[in-house]
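Trainee: Just one file: model.cif, with mmCIF, C-alpha atoms.
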```cif
data_upload
loop_
_atom_site.label_atom_id
_atom_site.label_comp_id
_atom_site.auth_asym_id
_atom_site.auth_seq_id
_atom_site.Cartn_x
_atom_site.Cartn_y
_atom_site.Cartn_z
CA MET A 1 98.05 113.43 86.57
CA GLY A 2 101.51 114.72 87.38
CA PRO A 3 104.52 115.21 85.17
CA SER A 4 106.59 112.28 84.00
CA ASP A 5 110.34 112.84 84.17
CA GLU A 6 111.79 109.55 85.39
CA PRO A 7 115.61 109.55 85.20
CA SER A 8 117.22 107.03 82.92
CA GLY A 9 120.70 106.25 81.67
CA LEU A 10 122.37 104.52 78.75
CA ARG A 11 121.54 101.14 80.27
CA ALA A 12 117.86 101.98 80.21
CA GLY A 13 118.24 103.18 76.63
CA LEU A 14 119.85 99.91 75.58
CA ARG A 15 117.00 97.98 77.17
CA GLY A 16 114.62 100.06 75.07
CA LEU A 17 116.14 99.13 71.72
CA THR A 18 113.51 97.98 69.26
CA THR A 19 113.82 94.98 66.98
CA ARG A 20 115.13 97.30 64.30
CA GLY A 21 117.70 98.81 66.65
CA ARG A 22 118.89 95.41 67.87
CA SER A 23 119.17 94.19 64.27
CA PHE A 24 121.27 97.22 63.31
CA LEU A 25 123.50 96.74 66.36
CA ALA A 26 123.96 93.02 65.67
CA ALA A 27 124.70 93.66 62.01
CA GLY A 28 127.24 96.36 62.91
CA VAL A 29 129.06 94.16 65.45
CA THR A 30 129.13 91.29 62.96
CA ALA A 31 130.50 93.57 60.25
CA VAL A 32 133.23 94.88 62.58
CA VAL A 33 134.30 91.34 63.54
CA CYS A 34 134.33 90.22 59.90
CA ALA A 35 136.29 93.34 58.90
CA TYR A 36 138.87 92.58 61.58
CA LEU A 37 139.21 88.93 60.48
CA LEU A 38 139.25 89.73 56.76
CA ASP A 39 141.24 92.96 57.10
CA GLN A 40 138.61 94.98 55.20
CA ASP A 41 138.66 98.68 56.07
CA ALA A 42 135.54 99.47 54.02
CA LEU A 43 133.56 96.79 55.84
CA LEU A 44 134.82 98.16 59.16
CA ARG A 45 133.45 101.62 58.37
CA VAL A 46 130.07 100.10 57.44
CA GLY A 47 130.00 98.08 60.67
CA VAL A 48 130.84 101.11 62.81
CA LEU A 49 128.08 103.10 61.13
CA LEU A 50 125.49 100.34 61.63
CA ALA A 51 126.39 99.90 65.31
CA ALA A 52 126.70 103.62 66.06
CA LEU A 53 123.20 104.52 64.81
CA PRO A 54 121.15 102.57 67.44
CA LEU A 55 123.68 103.41 70.17
CA ALA A 56 123.41 107.10 69.39
CA ALA A 57 119.61 106.90 69.35
CA ALA A 58 119.59 105.13 72.74
CA LEU A 59 122.01 107.65 74.24
CA LEU A 60 120.09 110.64 72.91
CA LEU A 61 116.71 109.31 74.01
CA SER A 62 117.87 108.23 77.48
CA ASN A 63 119.33 111.69 78.16
CA THR A 64 116.22 113.51 77.01
CA ARG A 65 114.53 115.26 79.91
CA TYR A 66 110.94 115.67 78.81
CA ARG A 67 108.51 116.93 81.43
CA VAL A 68 105.05 115.88 80.38
CA ALA A 69 101.85 116.20 82.38
CA SER A 70 98.57 114.51 81.57
CA GLY A 71 94.95 114.71 82.69
CA ARG A 72 91.87 112.58 82.06
CA ARG A 73 88.21 113.60 81.97
CA LEU A 74 85.22 111.24 81.73
CA SER A 75 81.97 112.23 80.06
CA PRO A 76 79.86 111.08 81.80
CA ARG A 77 81.48 109.67 84.95
CA ARG A 78 78.48 107.35 85.38
CA ALA A 79 77.54 105.59 82.16
CA VAL A 80 74.46 103.46 81.67
CA ALA A 81 75.07 99.86 80.66
CA GLY A 82 74.96 99.58 76.88
CA GLN A 83 75.71 103.26 76.27
CA GLU A 84 79.01 104.82 75.28
CA ALA A 85 81.16 107.10 77.39
CA ARG A 86 83.95 109.30 76.12
CA VAL A 87 87.35 109.62 77.74
CA HIS A 88 89.27 112.85 77.07
CA LEU A 89 93.05 112.87 77.49
CA ARG A 90 95.15 116.03 77.66
CA VAL A 91 98.93 115.98 77.36
CA ASP A 92 100.91 119.09 78.38
CA ASN A 93 104.57 119.71 77.64
CA VAL A 94 105.69 121.62 80.73
CA SER A 95 109.35 121.77 79.71
CA ARG A 96 111.12 124.43 77.65
CA VAL A 97 112.10 122.09 74.82
CA PRO A 98 109.82 120.51 72.25
CA THR A 99 109.11 116.80 72.50
CA GLY A 100 109.88 114.26 69.88
CA LEU A 101 107.56 111.50 68.73
CA LEU A 102 105.20 110.47 71.56
CA LEU A 103 103.11 107.31 71.63
CA LEU A 104 100.24 107.25 74.15
CA GLU A 105 98.49 104.12 75.39
CA ASP A 106 95.77 104.17 78.05
CA LYS A 107 95.17 101.04 80.06
CA VAL A 108 91.52 99.95 80.04
CA PRO A 109 89.83 96.64 81.01
CA TYR A 110 89.07 94.31 78.13
CA VAL A 111 85.34 94.64 78.90
CA LEU A 112 85.46 98.25 77.70
CA GLY A 113 87.21 97.44 74.43
CA PRO A 114 90.76 97.45 73.03
CA ARG A 115 93.45 99.66 74.48
CA PRO A 116 93.46 103.05 72.75
CA ARG A 117 96.75 104.19 71.20
CA PHE A 118 97.67 107.63 69.87
CA VAL A 119 100.71 109.11 68.12
CA LEU A 120 101.73 112.71 68.79
CA ASP A 121 104.35 113.96 66.36
CA ARG A 122 105.64 117.00 68.24
CA VAL A 123 104.45 119.10 71.16
CA GLU A 124 105.90 122.60 71.35
CA PRO A 125 107.24 124.01 74.64
CA ARG A 126 104.37 124.83 77.03
CA GLY A 127 102.01 123.38 74.47
CA ASN A 128 99.34 120.71 74.82
CA ARG A 129 97.42 118.15 72.80
CA GLU A 130 93.99 116.66 73.40
CA VAL A 131 92.77 113.28 72.21
CA SER A 132 89.70 111.22 73.11
CA TYR A 133 88.35 107.72 72.75
CA ARG A 134 85.08 105.91 73.44
CA VAL A 135 84.37 103.02 75.77
CA ARG A 136 81.25 100.90 76.13
CA SER A 137 80.18 98.08 78.41
CA ASP A 138 77.04 95.97 78.51
CA LEU A 139 77.94 94.89 82.04
CA ARG A 140 77.49 97.19 85.02
CA GLY A 141 80.41 97.66 87.39
CA ARG A 142 83.31 99.93 88.30
CA TYR A 143 86.17 99.87 85.82
CA PRO A 144 89.62 101.45 86.34
CA LEU A 145 91.01 103.60 83.55
CA GLY A 146 94.74 104.13 83.46
CA PRO A 147 97.44 104.68 84.24
CA LEU A 148 98.43 106.36 81.01
CA GLN A 149 101.62 105.02 79.46
CA LEU A 150 103.88 107.30 77.45
CA ARG A 151 106.30 105.86 74.93
CA LEU A 152 109.20 107.96 73.63
CA SER A 153 110.70 107.04 70.29
CA ASP A 154 113.49 108.37 68.09
CA PRO A 155 112.73 109.37 64.47
CA PHE A 156 114.38 106.22 63.09
CA GLY A 157 112.48 103.80 65.33
CA MET A 158 115.69 102.41 66.84
CA CYS A 159 114.79 102.90 70.51
CA GLU A 160 111.64 103.25 72.59
CA LEU A 161 111.38 104.17 76.26
CA ASN A 162 108.21 103.75 78.31
CA ARG A 163 107.06 106.14 80.99
CA SER A 164 103.99 105.47 83.11
CA PHE A 165 101.90 107.98 85.05
CA SER A 166 100.64 106.95 88.46
CA ALA A 167 97.13 108.44 88.50
CA SER A 168 94.04 106.61 87.28
CA ASP A 169 90.28 107.14 87.17
CA VAL A 170 87.22 104.95 87.63
CA LEU A 171 84.31 104.68 85.23
CA THR A 172 81.08 103.55 86.88
CA VAL A 173 78.67 101.66 84.64
CA VAL A 174 75.23 101.69 86.26
CA PRO A 175 72.28 99.43 85.40
CA GLN A 176 69.71 100.51 82.86
CA ILE A 177 67.13 102.95 84.20
CA LEU A 178 63.71 102.83 82.56
CA PRO A 179 61.23 105.72 82.83
CA LEU A 180 58.24 104.90 85.04
CA PRO A 181 54.80 106.54 84.88
CA TYR A 182 53.31 108.48 87.77
CA VAL A 183 50.94 106.23 89.74
CA ARG A 184 49.12 106.58 93.04
CA LEU A 185 49.93 103.70 95.34
CA SER A 186 47.58 102.58 98.07
CA GLY A 187 48.79 103.55 101.55
CA GLU A 188 51.61 105.81 100.40
CA TRP A 189 52.48 109.29 101.65
CA ALA A 190 52.64 111.65 98.72
CA GLY A 191 56.00 113.31 98.33
CA GLN A 192 55.76 117.03 97.65
CA GLY A 193 52.97 116.52 95.12
CA ASP A 194 49.35 117.68 94.93
CA SER A 195 48.44 115.82 98.13
CA HIS A 196 51.54 116.85 100.02
CA ALA A 197 50.92 116.11 103.71
CA ARG A 198 51.79 118.67 106.29
CA ALA A 199 52.39 118.03 109.94
CA LEU A 200 50.04 120.79 111.06
CA ALA A 201 47.46 120.51 108.31
CA LEU A 202 44.70 119.38 110.70
CA ALA A 203 45.52 121.87 113.45
CA GLY A 204 42.91 124.52 114.26
CA ASP A 205 43.42 128.07 115.44
CA ASP A 206 43.54 126.96 119.07
CA ASP A 207 46.19 124.34 118.27
CA VAL A 208 48.68 126.72 116.64
CA ILE A 209 52.23 126.16 117.91
CA LEU A 210 53.77 129.42 119.07
CA ARG A 211 57.18 130.68 120.10
CA GLU A 212 58.76 133.99 121.07
CA TYR A 213 59.58 136.54 118.40
CA ARG A 214 63.18 136.45 117.16
CA PRO A 215 64.97 139.19 115.21
CA GLY A 216 64.48 138.57 111.51
CA ASP A 217 61.07 136.82 111.82
CA ASP A 218 58.44 137.86 109.31
CA LEU A 219 55.94 140.20 111.00
CA ARG A 220 53.16 138.54 109.05
CA ARG A 221 53.65 135.48 111.27
CA VAL A 222 52.93 137.44 114.49
CA HIS A 223 49.99 135.89 116.39
CA TRP A 224 48.35 139.03 117.79
CA LYS A 225 45.87 137.26 120.03
CA SER A 226 48.64 135.45 121.90
CA THR A 227 50.80 138.59 121.88
CA ALA A 228 48.05 140.45 123.74
CA ARG A 229 47.64 137.57 126.18
CA TYR A 230 51.34 137.17 127.06
CA GLY A 231 52.40 140.79 126.71
CA GLU A 232 55.23 140.02 124.27
CA LEU A 233 55.47 139.29 120.56
CA MET A 234 54.59 135.70 119.72
CA VAL A 235 54.89 134.21 116.24
CA ARG A 236 53.45 131.13 114.63
CA ARG A 237 55.91 128.31 114.02
CA GLU A 238 56.21 127.46 110.35
CA GLU A 239 54.47 124.34 109.19
CA GLN A 240 57.02 121.70 108.33
CA PRO A 241 56.25 119.44 105.39
CA ARG A 242 56.07 115.79 106.23
CA LYS A 243 58.74 114.18 104.10
CA ALA A 244 57.64 111.11 102.21
CA ARG A 245 59.90 108.13 102.83
CA ALA A 246 60.46 105.00 100.79
CA THR A 247 62.61 101.89 101.06
CA VAL A 248 63.49 99.75 98.04
CA LEU A 249 64.46 96.20 99.02
CA LEU A 250 66.61 94.21 96.57
CA ASP A 251 66.78 90.44 96.97
CA THR A 252 70.37 89.44 96.12
CA ARG A 253 70.24 85.81 97.34
CA GLU A 254 71.92 83.48 94.87
CA VAL A 255 69.36 80.76 95.65
CA GLY A 256 66.58 83.16 94.72
CA HIS A 257 67.65 83.81 91.13
CA ARG A 258 68.11 81.89 87.90
CA GLY A 259 70.02 82.45 84.68
CA SER A 260 73.41 83.99 84.04
CA GLY A 261 74.87 87.11 82.48
CA PRO A 262 72.87 90.17 81.39
CA ALA A 263 69.79 88.00 80.71
CA SER A 264 69.56 86.61 84.27
CA SER A 265 66.76 87.31 86.68
CA PHE A 266 69.20 89.07 89.00
CA GLU A 267 70.17 91.63 86.36
CA TRP A 268 66.48 92.27 85.68
CA ALA A 269 65.99 92.82 89.42
CA VAL A 270 68.91 95.25 89.63
CA SER A 271 67.63 97.27 86.66
CA CYS A 272 64.13 97.30 88.17
CA THR A 273 65.54 98.53 91.50
CA ALA A 274 67.48 101.32 89.79
CA SER A 275 64.38 102.41 87.85
CA VAL A 276 62.16 102.46 90.94
CA THR A 277 64.65 104.36 93.14
CA ALA A 278 65.26 106.95 90.43
CA HIS A 279 61.51 107.41 89.98
CA LEU A 280 60.85 107.80 93.71
CA LEU A 281 63.68 110.30 94.11
CA GLU A 282 62.26 112.36 91.26
CA ARG A 283 58.91 112.42 93.06
CA GLY A 284 60.55 113.80 96.19
CA TYR A 285 60.75 110.68 98.32
CA GLN A 286 63.47 110.29 100.93
CA THR A 287 64.63 107.01 99.44
CA ARG A 288 67.05 104.38 100.65
CA LEU A 289 68.26 101.10 99.16
CA LEU A 290 68.21 97.97 101.29
CA THR A 291 69.42 94.44 100.47
CA ASP A 292 68.83 91.08 102.12
CA THR A 293 72.37 91.27 103.55
CA GLY A 294 71.36 94.26 105.68
CA LEU A 295 73.26 96.77 103.55
CA ALA A 296 71.43 100.11 103.63
CA VAL A 297 72.37 103.02 101.40
CA PRO A 298 70.87 106.23 102.85
CA GLY A 299 68.80 108.34 100.56
CA SER A 300 67.84 111.99 100.35
CA GLY A 301 67.92 113.72 103.70
CA ALA A 302 69.26 110.70 105.58
CA GLY A 303 72.54 110.40 107.34
CA GLY A 304 73.88 113.86 106.70
CA GLY A 305 71.19 115.51 104.59
CA ASN A 306 72.03 114.18 101.16
CA THR A 307 70.25 115.94 98.33
CA ALA A 308 68.32 113.96 95.73
CA PRO A 309 71.21 113.97 93.21
CA ASP A 310 73.62 112.83 95.94
CA ALA A 311 71.25 110.08 97.02
CA SER A 312 70.78 108.95 93.43
CA GLY A 313 74.55 108.78 92.94
CA LEU A 314 75.07 106.76 96.13
CA ILE A 315 72.35 104.27 95.22
CA LEU A 316 73.49 103.88 91.62
CA ASP A 317 77.09 103.35 92.75
CA ALA A 318 75.89 100.60 95.09
CA LEU A 319 73.78 98.96 92.39
CA ALA A 320 76.68 99.11 89.92
CA VAL A 321 78.67 96.68 92.07
CA ALA A 322 75.78 94.69 93.55
CA ASP A 323 76.45 90.96 93.45
CA LEU A 324 74.70 87.76 94.44
CA SER A 325 74.93 86.90 98.13
CA GLU A 326 75.22 83.52 99.81
CA GLY A 327 72.39 84.18 102.28
CA ALA A 328 69.30 82.02 102.36
CA GLY A 329 66.79 84.38 103.99
CA LEU A 330 65.67 87.97 104.42
CA SER A 331 66.06 88.14 108.21
CA ARG A 332 68.99 90.58 108.13
CA ALA A 333 66.85 93.13 106.27
CA GLU A 334 64.06 93.07 108.90
CA GLU A 335 65.83 95.17 111.55
CA PRO A 336 66.57 98.13 109.20
CA LEU A 337 62.96 97.96 108.02
CA ARG A 338 61.63 98.05 111.59
CA ALA A 339 63.95 100.94 112.47
CA GLY A 340 62.89 102.88 109.40
CA GLY A 341 59.31 103.35 110.59
CA GLU A 342 56.35 103.81 108.31
CA GLY A 343 56.66 104.67 104.66
CA LEU A 344 56.46 103.08 101.25
CA LEU A 345 58.20 99.72 100.79
CA VAL A 346 59.00 98.41 97.32
CA ALA A 347 60.55 94.93 97.25
CA VAL A 348 62.14 93.23 94.23
CA LEU A 349 62.09 89.55 95.18
CA GLY A 350 63.31 86.25 93.77
CA ASP A 351 62.17 82.78 94.79
CA LEU A 352 60.62 82.67 98.28
CA ASP A 353 59.92 79.84 100.68
CA GLU A 354 57.14 79.61 103.25
CA GLU A 355 59.14 81.26 106.04
CA GLN A 356 60.16 84.23 103.89
CA VAL A 357 56.57 84.78 102.76
CA ALA A 358 55.45 84.77 106.40
CA ARG A 359 58.14 87.31 107.36
CA LEU A 360 57.16 89.63 104.52
CA ALA A 361 53.50 89.33 105.52
CA ARG A 362 54.36 90.49 109.05
CA LEU A 363 56.48 93.40 107.77
CA ARG A 364 53.50 94.73 105.82
CA ASN A 365 51.94 96.03 109.05
CA ARG A 366 54.93 98.34 109.61
CA THR A 367 54.72 100.15 106.27
CA GLY A 368 52.38 102.74 104.82
CA GLY A 369 52.30 100.95 101.48
CA ALA A 370 53.95 97.84 100.08
CA VAL A 371 54.62 96.83 96.49
CA ALA A 372 56.36 93.58 95.58
CA PHE A 373 57.89 92.65 92.22
CA LEU A 374 57.80 88.86 92.63
CA LEU A 375 59.98 87.18 90.01
CA ASP A 376 58.90 83.84 88.61
CA THR A 377 62.51 82.82 88.11
CA ALA A 378 61.56 79.52 86.49
CA THR A 379 60.79 81.48 83.32
CA TRP A 380 64.40 82.73 83.26
CA ALA A 381 65.63 79.16 83.50
CA GLY A 382 63.46 78.11 80.53
CA LEU A 383 61.39 75.70 82.63
CA ARG A 384 58.09 77.11 81.40
CA MET A 385 58.85 77.77 77.77
CA LEU A 386 55.95 75.59 76.57
CA ALA A 387 53.39 77.43 78.70
CA PRO A 388 54.83 80.82 79.56
CA ASP A 389 51.45 82.21 80.71
CA THR A 390 51.01 79.54 83.36
CA GLY A 391 52.61 79.96 86.77
CA GLY A 392 53.45 77.07 89.04
CA ASP A 393 51.16 76.20 91.94
CA GLU A 394 53.73 77.27 94.53
CA PHE A 395 54.31 80.59 92.84
CA ARG A 396 50.57 81.34 92.59
CA ASP A 397 50.13 80.44 96.25
CA ARG A 398 52.87 82.92 97.30
CA VAL A 399 51.28 85.67 95.23
CA LEU A 400 47.90 85.10 96.90
CA ARG A 401 49.38 84.96 100.42
CA LEU A 402 51.23 88.25 99.99
CA ARG A 403 48.12 89.90 98.57
CA GLU A 404 46.07 88.69 101.50
CA ALA A 405 48.64 90.31 103.80
CA GLY A 406 48.09 93.67 102.07
CA TRP A 407 50.92 93.68 99.51
CA THR A 408 50.41 94.94 95.99
CA VAL A 409 52.02 92.02 94.18
CA LEU A 410 53.30 92.32 90.61
CA PRO A 411 54.15 88.85 89.24
CA VAL A 412 57.14 89.07 86.90
CA ARG A 413 58.29 86.67 84.23
CA ALA A 414 61.21 86.84 81.82
CA GLY A 415 60.73 89.57 79.23
CA ASP A 416 58.21 91.64 81.21
CA SER A 417 58.54 95.42 81.12
CA VAL A 418 59.19 97.29 84.37
CA THR A 419 57.25 100.25 83.00
CA GLU A 420 54.09 98.24 82.31
CA LEU A 421 54.28 96.45 85.65
CA TRP A 422 54.65 99.75 87.53
CA ARG A 423 51.65 101.18 85.69
CA ALA A 424 49.59 98.31 87.10
CA ALA A 425 50.69 99.11 90.66
CA ASP A 426 48.18 101.94 91.09
CA ARG A 427 45.44 99.39 91.73
CA ALA A 428 44.97 97.72 95.07
CA GLU A 429 45.49 94.35 93.43
CA ALA A 430 47.41 94.29 90.19
CA PRO A 431 46.22 91.81 87.53
CA SER A 432 48.33 88.72 87.23
CA PRO A 433 49.80 87.65 83.89
CA TYR A 434 48.97 84.03 84.75
CA ARG A 435 45.67 82.71 83.41
CA ASN A 436 45.39 79.83 85.85
CA GLU A 437 45.73 81.94 88.97
CA ALA A 438 42.67 81.83 91.19
CA GLY A 439 41.05 85.19 91.65
CA ALA A 440 43.06 86.90 88.90
#
```
For this file, produce the structure as structure tokens.
Mentor:
Amino acid sequence: MGPSDEPSGLRAGLRGLTTRGRSFLAAGVTAVVCAYLLDQDALLRVGVLLAALPLAAALLLSNTRYRVASGRRLSPRRAVAGQEARVHLRVDNVSRVPTGLLLLEDKVPYVLGPRPRFVLDRVEPRGNREVSYRVRSDLRGRYPLGPLQLRLSDPFGMCELNRSFSASDVLTVVPQILPLPYVRLSGEWAGQGDSHARALALAGDDDVILREYRPGDDLRRVHWKSTARYGELMVRREEQPRKARATVLLDTREVGHRGSGPASSFEWAVSCTASVTAHLLERGYQTRLLTDTGLAVPGSGAGGGNTAPDASGLILDALAVADLSEGAGLSRAEEPLRAGGEGLLVAVLGDLDEEQVARLARLRNRTGGAVAFLLDTATWAGLRMLAPDTGGDEFRDRVLRLREAGWTVLPVRAGDSVTELWRAADRAEAPSPYRNEAGA
């Protein structure tokens, strides 16, 4: 944040008179007029003194040439919903004269709390001061912080001038991320774990891929049998690990969710998506986020070779601002899924109709493994409060149809834990929380 040294004149100083300064000026002018009408010299001297004090303060303050620089640091830059973040402000006096009384006010959205205000008595030449404040939001999103406003005041409180810096920062509040246990999912490719797949793992000695020796190659990779055959040094090509891939599909359709605010089914779905993507990235998956609108956020190693921390940041930033869409189907997400090839697919779904169930059943054949968090959104709307363990007939039918298509379906109702549901995903068919479901 750059220095603040906006020029100002006496007119600007007069506009900055406080209520106290205006009262003194009005009282002084009144006393001067009365002294003139009543021919009272003593009253005239009092009036001149009362009027001169705020005028002198305004003139002195308006001609002050403070050069003040400020910086802001967020810790952390990405805060989890419901947790506090700390904002550190640093004010530097870059001029050769000390400052007077400084009042600092940082502009923050009302969601993060009241505007913080600080009073700095005096900052020596080339000196600095550091202050900090805390912000907290239960709602995910991206919130602007700043610009910082600097208020100059004289010692008598007669005049105040405001200066505003131009720079601002953004605090990203991401959804809650819950720790998930390690589970083995049917049909998945393990990502850099104990069963890490390698592209040449099944190749025999006769199937070794060779190339010519290049300066710098390890001599231990020389294939002597082929070297003798071709008359020049031949080396074995290094085995390349087969990178595990995963796609996490988030259903953002407004018609597919119920409830409002932090307790809505959509917010549960966003938190579940954040937890699953973070877990898969930790396990070494090349993970991407996909929504029903067709929005795809590339994960680790995709679109420029993002590392796992970079991919996690991109996905969390997208989830922080995710909002309900006006779409009615999942058709726009099919093309990215087809183009992505095989891999693990985890879908967090709201209400589905017959056509959407059929589309998801067909997509199962294109994935190595498929897990679906199917939300019974009627429980978020309070429609099943009398019998929370009983799912509707339509909901049970959709669960069975997806399971018949090869999906590992995890029925979800309001209040369920993502951690417990994920623990149940290591079985080919997760148990349903609904007693009346056939085959459960």
Trainee: I'd like the neighbourhood of segment 16-27 of chain A as a PyMOL selection string, where a residue qualifies if any of its atoms comes within 6 Å (using all atoms listed in the file), though same-chain residues fewer than 2 positions away should be ignored.
Mentor: chain A and resi 13-14+29-30+50-51+54+158-161
Trainee: To one decimal place in Å, what is the distance between atom CA of Leu363 of chain A and atom CA of Thr247 of chain A?
Mentor: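 Distance between the two atoms: 12.4 Å.
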Trainee: Report as a PyMOL selection string all protein, DNA and RNA residues lying within 12 Å of Gly100 of chain A, evaluated on all atoms listed in the file, omitting residues in the same chain fewer than 6 positions from it.
Mentor: chain A and resi 60-61+64-68+93+119-125+150-157+160
Trainee: Export, as a short mmCIF file (atom, residue, chain, number, x, y, z; two decimals), in the coordinates of the input, the selected residues with C-alpha atoms.
Mentor:
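As a result, out.cif now contains:
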```cif
data_model
loop_
_atom_site.label_atom_id
_atom_site.label_comp_id
_atom_site.auth_asym_id
_atom_site.auth_seq_id
_atom_site.Cartn_x
_atom_site.Cartn_y
_atom_site.Cartn_z
CA LEU A 60 120.09 110.64 72.91
CA LEU A 61 116.71 109.31 74.01
CA THR A 64 116.22 113.51 77.01
CA ARG A 65 114.53 115.26 79.91
CA TYR A 66 110.94 115.67 78.81
CA ARG A 67 108.51 116.93 81.43
CA VAL A 68 105.05 115.88 80.38
CA ASN A 93 104.57 119.71 77.64
CA VAL A 119 100.71 109.11 68.12
CA LEU A 120 101.73 112.71 68.79
CA ASP A 121 104.35 113.96 66.36
CA ARG A 122 105.64 117.00 68.24
CA VAL A 123 104.45 119.10 71.16
CA GLU A 124 105.90 122.60 71.35
CA PRO A 125 107.24 124.01 74.64
CA LEU A 150 103.88 107.30 77.45
CA ARG A 151 106.30 105.86 74.93
CA LEU A 152 109.20 107.96 73.63
CA SER A 153 110.70 107.04 70.29
CA ASP A 154 113.49 108.37 68.09
CA PRO A 155 112.73 109.37 64.47
CA PHE A 156 114.38 106.22 63.09
CA GLY A 157 112.48 103.80 65.33
CA GLU A 160 111.64 103.25 72.59
#
```
Trainee: Could you give me, as a list in words, the residues that have an atom at most 12 Å away from the point (56.5, 132.6, 124.8) in the coordinates of the file, using only C-alpha atoms?
Mentor: Ile209, Leu210, Arg211, Glu212, Tyr213, Arg214, Val222, His223, Ser226, Thr227, Ala228, Arg229, Tyr230, Gly231, Glu232, Leu233, Met234, Val235, Arg236 and Arg237 of chain A
Trainee: Please enumerate the residues selected by the PyMOL selection byres ((chain A and resi 142) around 10) when evaluated against the supplied file, formatted as a list in words.
Mentor: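 Taken on the displayed file, the PyMOL selection byres ((chain A and resi 142) around 10) yields the residues Arg78, Leu139, Arg140, Gly141, Tyr143, Pro144, Leu145, Val170, Leu171, Thr172, Val173, Val174, Asp317, Ala320 and Val321 of chain A.
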